[in-house]
$ cat final.cif   # mmCIF, C-alpha atoms
data_run
#
loop_
_atom_site.label_atom_id
_atom_site.label_comp_id
_atom_site.auth_asym_id
_atom_site.auth_seq_id
_atom_site.Cartn_x
_atom_site.Cartn_y
_atom_site.Cartn_z
CA MET V 1 0.00 0.00 0.00
CA ASN V 2 2.81 2.38 0.92
CA GLN V 3 4.51 1.55 -2.33
CA PHE V 4 1.31 2.30 -4.20
CA ILE V 5 0.97 5.69 -2.50
CA GLU V 6 4.60 6.44 -3.24
CA TRP V 7 4.12 5.50 -6.87
CA ILE V 8 0.91 7.48 -7.29
CA SER V 9 2.42 10.51 -5.56
CA GLN V 10 4.95 11.03 -8.33
CA PRO V 11 3.92 13.51 -11.03
CA TRP V 12 1.95 11.64 -13.68
CA PRO V 13 3.44 11.62 -17.19
CA TRP V 14 1.52 13.04 -20.14
CA TYR V 15 0.78 9.60 -21.61
CA VAL V 16 -1.14 8.68 -18.46
CA ALA V 17 -2.89 12.01 -17.87
CA GLY V 18 -3.80 12.77 -21.50
CA PRO V 19 -5.72 9.55 -22.21
CA MET V 20 -7.47 9.84 -18.82
CA ILE V 21 -8.64 13.35 -19.72
CA GLY V 22 -9.64 12.11 -23.19
CA LEU V 23 -11.74 9.35 -21.61
CA THR V 24 -13.83 12.02 -19.90
CA VAL V 25 -15.40 12.65 -23.33
CA PRO V 26 -16.99 9.17 -23.77
CA ALA V 27 -17.62 8.89 -20.02
CA LEU V 28 -19.86 11.99 -20.03
CA LEU V 29 -21.59 10.96 -23.26
CA ILE V 30 -22.34 7.46 -21.97
CA LEU V 31 -23.29 8.51 -18.45
CA GLY V 32 -25.86 11.03 -19.61
CA ASN V 33 -25.41 12.38 -23.15
CA LYS V 34 -23.36 15.30 -21.87
CA SER V 35 -20.82 17.16 -23.98
CA PHE V 36 -17.58 17.81 -22.15
CA GLY V 37 -17.04 21.51 -21.49
CA ILE V 38 -15.98 23.39 -18.41
CA SER V 39 -16.28 27.10 -19.19
CA SER V 40 -20.07 26.70 -19.49
CA SER V 41 -20.08 26.36 -15.71
CA LEU V 42 -19.14 30.04 -15.46
CA ARG V 43 -22.21 30.92 -17.51
CA HIS V 44 -24.43 28.71 -15.37
CA ILE V 45 -23.12 30.37 -12.20
CA CYS V 46 -23.93 33.78 -13.72
CA ALA V 47 -27.38 32.54 -14.72
CA ALA V 48 -27.96 31.22 -11.21
CA CYS V 49 -26.60 34.20 -9.28
CA VAL V 50 -26.87 37.41 -11.35
CA PRO V 51 -29.07 36.82 -14.42
CA ALA V 52 -30.18 40.51 -14.26
CA GLY V 53 -32.79 39.92 -16.95
CA ILE V 54 -30.09 39.42 -19.61
CA PRO V 55 -31.35 37.03 -22.33
CA PHE V 56 -27.97 35.23 -22.43
CA PHE V 57 -28.48 34.20 -18.81
CA SER V 58 -32.22 33.55 -18.94
CA TYR V 59 -32.51 29.80 -19.19
CA ASN V 60 -33.13 26.97 -16.81
CA TRP V 61 -29.64 26.58 -15.36
CA LYS V 62 -30.91 23.87 -13.03
CA LYS V 63 -30.94 21.52 -16.02
CA GLU V 64 -27.19 22.10 -16.25
CA MET V 65 -26.65 21.16 -12.63
CA TRP V 66 -24.48 18.25 -13.76
CA ASN V 67 -21.92 20.74 -15.08
CA LEU V 68 -21.78 22.60 -11.77
CA LEU V 69 -21.34 19.32 -9.88
CA PHE V 70 -18.59 18.33 -12.29
CA VAL V 71 -16.59 21.50 -11.56
CA LEU V 72 -17.27 21.14 -7.84
CA GLY V 73 -15.75 17.68 -8.24
CA VAL V 74 -12.72 19.19 -9.98
CA GLY V 75 -12.19 21.35 -6.89
CA ILE V 76 -12.60 18.35 -4.56
CA GLY V 77 -10.19 16.37 -6.74
CA GLY V 78 -7.65 19.18 -6.38
CA PHE V 79 -8.06 18.99 -2.60
CA ILE V 80 -7.61 15.21 -2.52
CA ALA V 81 -4.59 15.23 -4.82
CA MET V 82 -2.86 17.97 -2.88
CA ASN V 83 -3.60 16.61 0.61
CA PHE V 84 -3.31 12.85 0.13
CA LEU V 85 -1.37 12.23 -3.07
CA ALA V 86 0.97 15.20 -3.10
CA ASN V 87 4.35 14.95 -4.75
CA PRO V 88 6.90 15.13 -1.90
CA ASN V 89 9.57 16.57 -4.22
CA THR V 90 9.79 20.05 -5.68
CA ILE V 91 8.40 20.56 -9.15
CA VAL V 92 10.80 20.00 -12.05
CA ILE V 93 10.63 22.97 -14.40
CA SER V 94 12.56 23.14 -17.66
CA GLU V 95 15.82 25.02 -17.18
CA ALA V 96 15.18 27.23 -20.18
CA THR V 97 11.82 28.28 -18.71
CA GLN V 98 13.40 28.94 -15.31
CA ALA V 99 16.01 31.14 -16.97
CA ASP V 100 13.37 33.07 -18.95
CA LEU V 101 11.16 33.56 -15.91
CA SER V 102 14.07 34.55 -13.67
CA ALA V 103 14.81 37.29 -16.17
CA LEU V 104 11.21 38.46 -15.73
CA GLY V 105 11.64 38.64 -11.96
CA ILE V 106 10.23 35.30 -10.77
CA THR V 107 12.26 33.92 -7.87
CA SER V 108 10.29 30.96 -6.48
CA PHE V 109 10.41 27.73 -8.48
CA SER V 110 9.66 25.13 -5.82
CA ASP V 111 5.88 24.95 -6.03
CA LEU V 112 3.21 24.43 -8.71
CA MET V 113 2.58 28.18 -8.70
CA PRO V 114 5.16 30.92 -8.11
CA SER V 115 4.52 32.60 -4.76
CA ASP V 116 5.91 35.85 -6.21
CA ILE V 117 2.63 36.15 -8.08
CA PHE V 118 0.00 33.91 -6.52
CA SER V 119 -0.33 35.09 -2.94
CA TRP V 120 -3.03 37.02 -1.08
CA SER V 121 -0.60 39.85 -0.35
CA ASN V 122 -0.69 40.68 -4.07
CA VAL V 123 -4.46 40.98 -4.37
CA PHE V 124 -4.70 44.74 -3.93
CA THR V 125 -1.56 45.56 -5.86
CA ALA V 126 -0.78 46.17 -9.53
CA LYS V 127 0.50 42.55 -9.71
CA GLY V 128 -2.87 41.28 -8.50
CA LEU V 129 -4.68 43.53 -10.96
CA LEU V 130 -2.75 41.98 -13.85
CA PHE V 131 -2.59 38.32 -12.82
CA PHE V 132 -5.95 37.89 -11.07
CA VAL V 133 -8.33 40.61 -12.21
CA ILE V 134 -7.33 41.24 -15.82
CA GLY V 135 -6.15 37.66 -16.46
CA GLY V 136 -9.31 36.17 -15.00
CA PHE V 137 -11.54 38.60 -16.89
CA LEU V 138 -9.89 37.73 -20.22
CA VAL V 139 -10.35 34.02 -19.51
CA GLY V 140 -14.05 34.41 -18.63
CA PHE V 141 -14.87 36.87 -21.42
CA GLY V 142 -12.80 35.09 -24.08
CA THR V 143 -14.04 31.57 -23.40
CA ARG V 144 -17.67 32.61 -23.50
CA TYR V 145 -17.17 34.71 -26.63
CA ALA V 146 -15.39 31.73 -28.24
CA GLY V 147 -18.13 29.39 -27.04
CA GLY V 148 -15.77 27.13 -25.13
CA CYS V 149 -12.34 26.63 -23.65
CA THR V 150 -9.63 24.01 -23.83
CA SER V 151 -12.05 21.29 -22.79
CA GLY V 152 -15.07 22.26 -24.92
CA HIS V 153 -13.17 23.21 -28.07
CA ALA V 154 -9.66 21.72 -28.01
CA ILE V 155 -10.68 18.36 -26.56
CA MET V 156 -14.43 17.80 -27.08
CA GLY V 157 -14.68 19.85 -30.29
CA ILE V 158 -11.64 18.50 -32.11
CA SER V 159 -12.42 14.96 -30.89
CA SER V 160 -15.76 15.22 -32.67
CA LEU V 161 -13.96 16.62 -35.75
CA GLN V 162 -15.52 20.10 -35.69
CA TRP V 163 -13.42 22.51 -37.66
CA ALA V 164 -14.83 25.52 -35.78
CA SER V 165 -13.20 24.10 -32.66
CA LEU V 166 -9.89 23.69 -34.46
CA VAL V 167 -10.05 27.37 -35.46
CA ALA V 168 -10.82 28.33 -31.84
CA THR V 169 -7.91 26.25 -30.56
CA ILE V 170 -5.51 27.83 -33.05
CA PHE V 171 -6.55 31.28 -31.83
CA PHE V 172 -6.18 30.22 -28.17
CA MET V 173 -2.57 29.37 -29.02
CA ILE V 174 -1.97 32.58 -31.01
CA GLY V 175 -3.23 34.66 -28.07
CA GLY V 176 -1.08 32.67 -25.65
CA PHE V 177 2.07 32.93 -27.75
CA LEU V 178 1.59 36.69 -28.24
CA MET V 179 1.08 37.25 -24.51
CA THR V 180 4.03 35.06 -23.50
CA HIS V 181 6.57 36.30 -26.02
CA VAL V 182 5.59 39.93 -26.59
CA LEU V 183 3.28 41.38 -23.96
CA LEU V 184 4.17 39.61 -20.72
CA GLU V 185 7.58 41.23 -20.22
CA PRO V 186 6.45 44.86 -20.54
CA LEU V 187 3.30 44.14 -18.52
CA MET V 188 5.29 42.52 -15.71
CA LYS V 189 7.70 45.47 -15.64
CA LEU V 190 4.73 47.79 -15.48
CA VAL V 191 3.30 46.07 -12.39
CA GLY V 192 6.61 46.09 -10.53
CA PHE V 193 8.54 42.92 -11.31
CA MET G 1 -41.71 4.85 -22.72
CA LYS G 2 -40.52 4.28 -26.25
CA GLU G 3 -37.31 5.92 -27.46
CA ALA G 4 -39.13 7.55 -30.38
CA ASP G 5 -41.62 9.22 -28.08
CA LYS G 6 -38.96 11.26 -26.44
CA LYS G 7 -38.98 14.77 -27.80
CA ILE G 8 -35.76 16.54 -28.58
CA GLU G 9 -35.17 19.84 -26.90
CA ILE G 10 -34.57 22.99 -28.86
CA LEU G 11 -30.90 23.69 -28.55
CA ASP G 12 -29.44 27.01 -27.65
CA PRO G 13 -26.53 27.36 -30.09
CA ASN G 14 -24.69 29.63 -27.64
CA CYS G 15 -24.62 26.99 -25.01
CA VAL G 16 -21.58 24.80 -25.34
CA ALA G 17 -22.81 22.01 -23.18
CA PRO G 18 -26.50 21.79 -23.96
CA ASN G 19 -28.32 19.20 -22.03
CA LEU G 20 -29.37 16.73 -24.68
CA SER G 21 -30.57 14.14 -22.29
CA GLU G 22 -34.28 13.81 -21.84
CA ASN G 23 -33.55 12.22 -18.48
CA HIS G 24 -32.60 15.21 -16.40
CA ASP G 25 -30.64 13.51 -13.70
CA LYS G 26 -31.84 14.56 -10.31
CA GLY G 27 -30.65 14.09 -6.78
CA LEU G 28 -28.36 11.15 -6.29
CA GLU G 29 -28.09 10.47 -10.02
CA LEU G 30 -26.09 13.67 -10.28
CA LEU G 31 -23.44 12.21 -8.00
CA LYS G 32 -21.81 10.43 -10.94
CA TYR G 33 -20.79 13.80 -12.36
CA LEU G 34 -19.37 14.85 -9.02
CA ILE G 35 -17.29 11.65 -8.91
CA LEU G 36 -16.12 12.02 -12.51
CA GLY G 37 -15.19 15.64 -11.84
CA THR G 38 -13.24 14.56 -8.76
CA LEU G 39 -11.20 12.04 -10.77
CA PHE G 40 -10.62 14.71 -13.38
CA GLY G 41 -9.44 17.19 -10.72
CA ILE G 42 -6.98 14.62 -9.35
CA VAL G 43 -5.50 14.14 -12.83
CA PHE G 44 -5.21 17.93 -13.25
CA VAL G 45 -3.11 18.23 -10.12
CA LYS G 46 -1.10 15.01 -10.49
CA ALA G 47 -0.09 15.81 -14.07
CA GLU G 48 0.69 19.38 -12.93
CA ILE G 49 -1.64 20.80 -15.57
CA ILE G 50 -2.75 23.36 -12.99
CA SER G 51 0.79 24.72 -12.76
CA TRP G 52 1.45 28.21 -14.09
CA PHE G 53 4.96 26.99 -14.91
CA ARG G 54 3.67 24.18 -17.16
CA ILE G 55 1.66 26.68 -19.21
CA GLN G 56 4.68 28.96 -19.49
CA GLU G 57 6.77 25.98 -20.66
CA MET G 58 4.09 25.19 -23.24
CA PHE G 59 3.90 28.69 -24.72
CA ARG G 60 7.70 28.98 -24.67
CA LEU G 61 7.99 25.59 -26.47
CA GLN G 62 10.37 24.42 -23.76
CA SER G 63 8.58 21.25 -22.71
CA PHE G 64 6.56 18.63 -24.49
CA HIS G 65 4.43 17.82 -21.43
CA MET G 66 1.32 19.94 -22.14
CA TYR G 67 1.38 19.14 -25.85
CA GLY G 68 1.54 15.47 -24.92
CA VAL G 69 -1.37 15.81 -22.49
CA ILE G 70 -3.67 17.75 -24.84
CA GLY G 71 -2.60 15.75 -27.92
CA SER G 72 -3.13 12.33 -26.37
CA ALA G 73 -6.43 13.52 -24.84
CA ILE G 74 -7.62 14.51 -28.33
CA VAL G 75 -6.49 11.21 -29.87
CA THR G 76 -8.28 9.29 -27.11
CA GLY G 77 -11.37 11.46 -27.64
CA ILE G 78 -11.38 10.93 -31.43
CA ILE G 79 -11.06 7.15 -31.08
CA SER G 80 -13.79 7.06 -28.40
CA ILE G 81 -16.25 9.10 -30.44
CA GLN G 82 -15.58 7.04 -33.58
CA LEU G 83 -16.22 3.86 -31.59
CA ILE G 84 -19.42 5.32 -30.11
CA LYS G 85 -20.66 6.28 -33.58
CA ARG G 86 -19.67 3.07 -35.39
CA LEU G 87 -20.86 0.70 -32.68
CA ASN G 88 -23.93 2.86 -32.06
CA VAL G 89 -23.22 2.92 -28.34
CA LYS G 90 -26.13 4.16 -26.21
CA THR G 91 -26.13 6.01 -22.93
CA ILE G 92 -26.67 4.00 -19.76
CA GLN G 93 -30.29 5.20 -19.89
CA GLY G 94 -30.60 3.71 -23.39
CA GLU G 95 -30.72 6.98 -25.32
CA SER G 96 -28.89 7.54 -28.60
CA ILE G 97 -25.79 9.64 -28.10
CA VAL G 98 -26.03 13.06 -29.72
CA ILE G 99 -23.10 15.42 -30.23
CA PRO G 100 -24.17 18.95 -31.16
CA ASP G 101 -22.38 20.67 -34.04
CA LYS G 102 -20.41 23.74 -33.17
CA VAL G 103 -21.33 26.45 -35.63
CA PHE G 104 -18.48 28.64 -36.81
CA LYS G 105 -18.72 32.27 -35.76
CA LYS G 106 -16.33 35.19 -35.44
CA GLY G 107 -16.29 34.64 -31.70
CA GLN G 108 -14.09 31.60 -32.07
CA VAL G 109 -11.43 33.84 -33.59
CA ILE G 110 -11.82 36.99 -31.47
CA GLY G 111 -12.89 35.30 -28.26
CA GLY G 112 -10.38 32.52 -28.75
CA PHE G 113 -7.59 35.06 -29.10
CA ILE G 114 -8.75 36.96 -25.98
CA PHE G 115 -8.91 33.73 -23.98
CA GLY G 116 -5.39 32.86 -25.17
CA LEU G 117 -4.07 36.17 -23.79
CA GLY G 118 -5.69 35.42 -20.44
CA TRP G 119 -4.52 31.79 -20.44
CA ALA G 120 -0.88 32.87 -20.66
CA ILE G 121 -1.33 35.39 -17.80
CA THR G 122 -3.26 33.23 -15.33
CA GLY G 123 -1.67 29.95 -16.40
CA ALA G 124 -5.10 28.42 -16.21
CA CYS G 125 -8.07 27.66 -18.36
CA PRO G 126 -11.39 27.40 -16.49
CA GLY G 127 -10.92 23.75 -15.41
CA PRO G 128 -7.60 24.27 -13.64
CA LEU G 129 -9.00 27.38 -11.91
CA PHE G 130 -11.34 25.14 -9.91
CA ALA G 131 -8.57 22.61 -9.21
CA GLN G 132 -6.16 25.34 -8.09
CA ILE G 133 -8.69 26.65 -5.57
CA GLY G 134 -9.38 23.14 -4.29
CA SER G 135 -5.70 22.35 -3.96
CA GLY G 136 -5.20 25.27 -1.61
CA TYR G 137 -4.37 28.27 -3.80
CA SER G 138 -7.27 30.17 -2.31
CA VAL G 139 -6.21 33.45 -3.90
CA ILE G 140 -7.37 32.02 -7.26
CA LEU G 141 -10.89 32.70 -5.96
CA VAL G 142 -10.20 36.28 -7.03
CA THR G 143 -9.31 35.07 -10.55
CA LEU G 144 -12.48 32.96 -10.63
CA ILE G 145 -14.68 35.90 -9.60
CA SER G 146 -12.99 37.96 -12.31
CA ALA G 147 -13.63 35.19 -14.86
CA LEU G 148 -17.29 35.18 -13.80
CA ALA G 149 -17.34 38.95 -14.31
CA GLY G 150 -15.84 38.46 -17.78
CA THR G 151 -18.49 35.88 -18.64
CA TRP G 152 -21.22 38.18 -17.35
CA VAL G 153 -19.96 41.18 -19.33
CA TYR G 154 -19.87 39.02 -22.47
CA GLY G 155 -23.46 37.95 -21.80
CA LYS G 156 -24.54 41.53 -21.24
CA PHE G 157 -23.06 42.80 -24.52
CA SER G 158 -23.16 39.64 -26.63
CA ASP G 159 -25.71 41.06 -29.06
CA LYS G 160 -23.54 44.15 -29.69
CA LEU G 161 -20.33 42.23 -30.43
CA PRO G 162 -19.43 40.88 -33.86
CA ASN G 163 -20.61 37.31 -33.98
#
$ encode --input "final.cif" --output "structure tokens"
Amino acid sequence: MNQFIEWISQPWPWYVAGPMIGLTVPALLILGNKSFGISSSLRHICAACVPAGIPFFSYNWKKEMWNLLFVLGVGIGGFIAMNFLANPNTIVISEATQADLSALGITSFSDLMPSDIFSWSNVFTAKGLLFFVIGGFLVGFGTRYAGGCTSGHAIMGISSLQWASLVATIFFMIGGFLMTHVLLEPLMKLVGF
Amino acid sequence: MKEADKKIEILDPNCVAPNLSENHDKGLELLKYLILGTLFGIVFVKAEIISWFRIQEMFRLQSFHMYGVIGSAIVTGIISIQLIKRLNVKTIQGESIVIPDKVFKKGQVIGGFIFGLGWAITGACPGPLFAQIGSGYSVILVTLISALAGTWVYGKFSDKLPN
């Protein structure tokens, strides 16, 4: 049993994690004819909490309860993995990435998330404005405008051979490359890194 | 009740995950989604997909990990859906499986690009946001609230944006 825990506590390689994520697609279809997609949950939460008479949020969100339970499960899964199956070693990050990020002012490389950015003390600072407020807003606005995120388009959409989803995924990557290689450095300087 | 008697709902094309099932799972039946989500969340953390560093590595083309994860997930998904279609697999309730078509619109280009910008800043798409909060990065609650605000603002102005 101890050996099993030790084995499962190691970071899982892509060829284990990828197929498991892919199997979510048939699992949801077979369990209840549900199309895999996570960003919809944000819409359902809006529809449940602040519909404000907006047509886009005026629908019976209770019928989409499965989606809300799924994302609640994702949170619970995060809790279980971190508290019972956590990797005892520090994260291994590519040296090239460490060098690039050090140049941008990141100093902590021991955890899944750099504490230079992701800590409560940054919430009411320019760093928090960029990484939490603006970043989060772009994710929420962009995914809904695109009609899906990595799960709904890149995985579910491309798996069902929908070219609209391939287009969406290509533009996710273009946006990400532009931010990483062009905009991130000046933005991070601007917020005090 | 006969299969043919079940009426098909009118789909909202804006909704990515329309509920195609006539059986709206209630109560305990919904638990299966909670369990599946939990397994999914465990994979997210164990494969370090929730890590801001992994997303930076991906966009900097300095690690194969995320490409391997997403690529093999897609391959698994394609094979699964082909098997479902060819073998005419039914849901556990006996319904035919229906996969809605995603209609192309400008949003996939503009919105997709905007999401990409945000993905590289936060290091998280919506799924990992939930897993990050669960795994103890409570400050990501702020990011989630902001993402909800972004979704709400899109909903508010969706008819005025190019679509």
$ atom_distance --input "final.cif" --atom1 "atom CA of Leu23 of chain V" --atom2 "atom CA of Leu28 of chain G"
22.7 Å
$ residues_around --input "final.cif" --residues "Ile38 of chain V" --least-positions-apart "2" --cutoff "6 Å" --atoms "all atoms listed in the file" --output "list in words"
Ser40 and Ser41 of chain V; Gly127 of chain G
$ resolve_selection --input "final.cif" --expression "the PyMOL selection byres ((chain V and resi 160) around 9)" --output "JSON, numbers by chain"
{"V": [155, 156, 157, 158, 159, 161, 162], "G": [77, 78, 81, 82, 99, 101]}
$ resolve_selection --input "final.cif" --expression "the PyMOL selection byres ((chain G and resi 137-144) around 6)" --output "PyMOL selection string"
(chain V and resi 120+132-133+136) or (chain G and resi 132-133+136+145-147)
$ closest_residue --input "final.cif" --among "G:Gly123, G:Ser63, G:Gly111, G:Gly150" --to "Ser51 of chain G" --atoms "only C-alpha atoms"
G:Gly123
$ atom_distance --input "final.cif" --atom1 "atom CA of Gly112 of chain G" --atom2 "atom CA of Leu29 of chain V"
24.9 Å
$ atom_distance --input "final.cif" --atom1 "atom CA of Met20 of chain V" --atom2 "atom CA of His65 of chain G"
14.6 Å
$ residues_around --input "final.cif" --residues "Phe64 of chain G" --least-positions-apart "2" --cutoff "12 Å" --atoms "all atoms listed in the file" --output "ChimeraX atom specification"
/V:13-15,93-94 /G:54-62,66-72
$ write_last_selection --input "final.cif" --atoms "C-alpha atoms" --output "short mmCIF file (atom, residue, chain, number, x, y, z; two decimals), in the coordinates of the input"
data_model
loop_
_atom_site.label_atom_id
_atom_site.label_comp_id
_atom_site.auth_asym_id
_atom_site.auth_seq_id
_atom_site.Cartn_x
_atom_site.Cartn_y
_atom_site.Cartn_z
CA PRO V 13 3.44 11.62 -17.19
CA TRP V 14 1.52 13.04 -20.14
CA TYR V 15 0.78 9.60 -21.61
CA ILE V 93 10.63 22.97 -14.40
CA SER V 94 12.56 23.14 -17.66
CA ARG G 54 3.67 24.18 -17.16
CA ILE G 55 1.66 26.68 -19.21
CA GLN G 56 4.68 28.96 -19.49
CA GLU G 57 6.77 25.98 -20.66
CA MET G 58 4.09 25.19 -23.24
CA PHE G 59 3.90 28.69 -24.72
CA ARG G 60 7.70 28.98 -24.67
CA LEU G 61 7.99 25.59 -26.47
CA GLN G 62 10.37 24.42 -23.76
CA MET G 66 1.32 19.94 -22.14
CA TYR G 67 1.38 19.14 -25.85
CA GLY G 68 1.54 15.47 -24.92
CA VAL G 69 -1.37 15.81 -22.49
CA ILE G 70 -3.67 17.75 -24.84
CA GLY G 71 -2.60 15.75 -27.92
CA SER G 72 -3.13 12.33 -26.37
#
$ closest_residue --input "final.cif" --among "V:Gly105, V:Gly176, V:Gly192, V:Pro11" --to "Ala124 of chain G" --atoms "all atoms listed in the file"
V:Gly176
$ resolve_selection --input "final.cif" --expression "the PyMOL selection byres ((chain G and resi 151) around 7)" --output "PyMOL selection string"
(chain V and resi 42-43+140-141+144) or (chain G and resi 147-150+152-155)
$ residues_around --input "final.cif" --residues "Trp61 of chain V" --least-positions-apart "5" --cutoff "10 Å" --atoms "only C-alpha atoms" --output "VMD selection string"
chain V and resid 41 43 to 48 66 to 68
$ closest_residue --input "final.cif" --among "G:Gly118, G:Glu95, G:Leu31, G:Asn88" --to "chain V" --atoms "all atoms listed in the file"
G:Gly118
$ residues_near_point --input "final.cif" --point "(-13.6, 23.0, -10.5)" --cutoff "9 Å" --atoms "only C-alpha atoms" --output "PyMOL selection string"
(chain V and resi 38+41+68-78) or (chain G and resi 37-38+41+126-134)
$ closest_residue --input "final.cif" --among "V:Thr107, V:Ser35, V:Asn122, V:Thr90" --to "chain G" --atoms "all atoms listed in the file"
V:Ser35
$ closest_residue --input "final.cif" --among "G:Lys46, G:Lys85, G:Lys32, G:Lys102" --to "Ala81 of chain V" --atoms "all atoms listed in the file"
G:Lys46
$ residues_near_point --input "final.cif" --point "(-8.6, 30.2, -25.1)" --cutoff "8 Å" --atoms "only C-alpha atoms" --output "PyMOL selection string"
(chain V and resi 139+142-143+146+148-150+168-169+171-173+175-176) or (chain G and resi 111-119+125)
$ closest_residue --input "final.cif" --among "G:Gln108, G:Phe44, G:Ser96, G:Asp25" --to "chain V" --atoms "only C-alpha atoms"
G:Gln108
$ residues_around --input "final.cif" --residues "Ile121 of chain G" --least-positions-apart "5" --cutoff "8 Å" --atoms "all atoms listed in the file" --output "PDB file with C-alpha atoms, in the frame of the given file"
ATOM      1  CA  LEU V 130      -2.750  41.980 -13.850  1.00  0.00           C
ATOM      2  CA  PHE V 131      -2.590  38.320 -12.820  1.00  0.00           C
ATOM      3  CA  GLY V 135      -6.150  37.660 -16.460  1.00  0.00           C
ATOM      4  CA  MET V 179       1.080  37.250 -24.510  1.00  0.00           C
ATOM      5  CA  THR V 180       4.030  35.060 -23.500  1.00  0.00           C
ATOM      6  CA  LEU V 184       4.170  39.610 -20.720  1.00  0.00           C
TER       7      LEU V 184
END
$ axis_aligned_box --input "final.cif" --around "segment 132-145 of chain G" --padding-each-side "5 Å" --output "JSON"
{"center_x": -9.5, "center_y": 29.3, "center_z": -6.1, "size_x": 20.3, "size_y": 23.9, "size_z": 19.0}
